[in-house]
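Colleague: Have a look at this one.
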Amino acid sequence: MASFSIKKVCNSVIAKLLETHNFDSNTEKNDFIHCDKATIYLLYQCLKDVFHVTSEEIPMILIKATSLVDYAVEKLHAYPYKDVPISWRRLHTDASLLKMMTGAPGNNRKEMLFNLIEETEKILRELEQINDHSTIQSTSLKRTIDDNSIKNIPHKKSKANVTKVHNIPIINNPLPKIPQPSLTTFASHVTSINPTPFIIIDSCISHWPALSTRPWSNLDYLSNLIGKERIVPIEIGAKYTDDTWTQKLMNFGEFIEKWVKNSIDDDDDDNIAYLAQHDLFAQIPRLKDDIMIPDYCFVDTNPFIIGIGDDGDSGSGSIQYLPPQEVITNAWFGPKGTISPMHTDPYHNLLAQVIGQKYIRLYSPNETSKLYPFEQDGLLGNTSQVEVESPDLERFPLFSSALYQECILKPGELLYIPPGWWHYVRSLDVSFSVSFWF
């Protein structure tokens, strides 16, 4: 690539970033609402200065850009990844682009980077011609994968197909299982005064390519589909209520090799990593080709408030349900032994099991007083303090009398969970679930 072309691409990217940092734009100001003014000003000044600096001044721009990237990374790790404000994600993206544009070391390295940008822009233009309604964010274009190379991957038996099921509990209070209900029957149930959970069996999602022609149980296929170099947020630790729990951004390939495949023959429950409640389908749009949002998620639902006292009154608190504007889809992928502590969610939930099995226990909102939630005004206000499968009954004596239902959710099954129902989840082997909040 000619140096003029390199400079042109670089100036184009910097100019676009600078345009979006116009302080007179209300939309863009909202993107940075959580950032302090000094940080925004520093980034803005660096973007302006990079057009005019001499070669001697570039190292100072690099120092500032690196400081902004480090600061953003620090903020990314200050929250559960799903709760990171867009401000800090945006700062990390823009500062990283600034750093790359300014200081890619060596002429060959710079040519490679800008050639990648030019190729990406070309792909974007082609996609826009195919589908004028497609919106693809630049932050999700870290890696381009050849579709043909994915389709041609042989579905050989990988290590993850040899599943070792882990610590299967005895089911004493089974959830009801029903064949695929009609939309009318399902809608009538979820809009009733007190909907209850149940499992949908038979062929509701068995037609998904992720369960049939392009099985996600083949970890080699899944790794190539997502991309080994893709950065994903991973929770490290058995469960998020533990003091030792933390999170880390890592390559998907590292997560697969180190944490998922190695767990198949490893019984160490403390060596747990979990890609949990992450919108992987927005980050990797091609994943959507292997699944489909169930039609049940599009039934009409109405806002409501329900009491969570023992008798259903609102004296012990209440749960408010407001339908989301669109179906919220999240991925849950990890080795055996991952645990989601007992908690509630504010939406109707259809949990689809794609790989492996999960033990799930559910409690009605009316059992709340026996489940010992954390303080309501804290980050864990929707989470129980009780270790469900090994409870400390001296600290939590009422828990032993709480009524519950339970199940082992298997591949191809859907579990319906109403808003406000407490649920505890433990994977029995390598597991991939998809939740649909509606």
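By convention in this document, the chains of the structure tokens carry letters A, B, ... by their order, each chain's residues are numbered from 1, and ligands are numbered from 1 in the order they are shown.
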Among range 166-415 of chain A, which residues does DSSP mark as strand (DSSP E) when it is run on the backbone? Keep the chain and numbering as in the structure and answer as a short mmCIF file (atom, residue, chain, number, x, y, z; two decimals) with C-alpha atoms, in the first residue's frame.
Modeller:
```cif
data_model
loop_
_atom_site.label_atom_id
_atom_site.label_comp_id
_atom_site.auth_asym_id
_atom_site.auth_seq_id
_atom_site.Cartn_x
_atom_site.Cartn_y
_atom_site.Cartn_z
CA LYS A 177 -42.83 -31.33 31.18
CA ILE A 178 -45.21 -30.67 28.33
CA PHE A 198 -42.42 -25.64 33.02
CA ILE A 199 -40.22 -27.43 30.48
CA ILE A 200 -41.11 -27.56 26.80
CA ILE A 231 -12.06 -11.04 23.01
CA VAL A 232 -14.85 -12.14 25.37
CA PRO A 233 -15.64 -11.36 29.04
CA ILE A 234 -15.04 -14.39 31.29
CA GLU A 235 -16.02 -14.80 34.94
CA ILE A 236 -13.33 -16.59 36.95
CA THR A 246 -13.23 -11.98 39.40
CA GLN A 247 -13.52 -11.42 35.68
CA LYS A 248 -11.12 -11.21 32.78
CA LEU A 249 -11.17 -10.30 29.11
CA MET A 250 -9.52 -13.11 27.13
CA ASN A 251 -9.35 -14.67 23.68
CA ALA A 273 -14.44 -20.00 34.16
CA TYR A 274 -17.79 -18.93 32.71
CA LEU A 275 -18.89 -16.85 29.75
CA ALA A 276 -22.09 -15.75 31.47
CA GLN A 277 -24.97 -13.48 30.47
CA HIS A 278 -23.13 -12.01 27.51
CA PHE A 304 -47.62 -5.99 36.16
CA ILE A 305 -46.62 -5.79 39.81
CA ILE A 306 -46.84 -8.82 42.09
CA GLY A 307 -46.36 -9.06 45.84
CA SER A 318 -42.98 -6.56 45.13
CA ILE A 319 -41.74 -7.40 41.65
CA GLN A 320 -42.41 -5.11 38.73
CA TYR A 321 -42.43 -6.47 35.21
CA ILE A 328 -32.91 -9.83 25.06
CA THR A 329 -30.64 -12.71 24.06
CA ASN A 330 -27.67 -13.86 26.14
CA ALA A 331 -25.15 -16.69 25.94
CA TRP A 332 -24.10 -18.92 28.86
CA PHE A 333 -21.14 -21.13 28.02
CA GLY A 334 -18.71 -22.92 30.26
CA ILE A 339 -22.98 -22.06 39.10
CA SER A 340 -25.45 -19.21 38.91
CA PRO A 341 -26.41 -18.54 42.56
CA MET A 342 -30.10 -18.42 43.34
CA HIS A 343 -31.45 -15.15 41.97
CA ASN A 349 -37.36 -16.13 30.35
CA LEU A 350 -37.07 -19.00 27.91
CA LEU A 351 -33.83 -20.86 28.57
CA ALA A 352 -32.74 -23.03 25.63
CA GLN A 353 -30.26 -25.83 26.30
CA VAL A 354 -27.90 -26.42 23.36
CA ILE A 355 -24.96 -28.37 24.82
CA LYS A 358 -27.94 -28.28 33.82
CA TYR A 359 -29.45 -28.87 37.22
CA ILE A 360 -31.99 -26.11 37.94
CA ARG A 361 -34.00 -25.44 41.08
CA LEU A 362 -36.82 -22.90 41.24
CA TYR A 363 -38.68 -21.18 44.07
CA GLN A 405 -39.36 -27.52 41.96
CA GLU A 406 -36.35 -28.83 40.07
CA CYS A 407 -35.20 -30.38 36.84
CA ILE A 408 -32.25 -31.48 34.76
CA LEU A 409 -32.47 -29.47 31.54
CA LEU A 414 -36.73 -25.06 26.68
CA LEU A 415 -37.37 -23.99 30.26
#
```
Colleague: Taking into account only C-alpha atoms, which residue in the set A:Leu371, A:Leu222, A:Ala72, A:Ile58 is nearest to Ser96 in chain A?
Modeller: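 Among the listed residues, A:Ala72 lies closest to Ser96 in chain A.
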Colleague: Between CA of Asn194 in chain A and CA of Thr383 in chain A, what distance in Å does the model show, to one decimal?
Modeller: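 Result for CA of Asn194 in chain A versus CA of Thr383 in chain A: 21.1 Å, one decimal.
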Colleague: Separation of CA of Pro335 in chain A and CA of Val260 in chain A, in Å?
Modeller: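 Straight-line distance from CA of Pro335 in chain A to CA of Val260 in chain A works out to 4.9 Å.
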Colleague: Using only C-alpha atoms, find the one residue out of A:Leu280, A:Pro365, A:Phe436, A:His34 that sits nearest to Glu326 in chain A.
Modeller: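 Closest candidate: A:Phe436.
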Colleague: Can you work out which one of A:Phe438, A:Phe186, A:Tyr44, A:Phe252 has the shortest atom-to-atom distance to Gly227 in chain A, counting only C-alpha atoms?
Modeller: A:Phe252
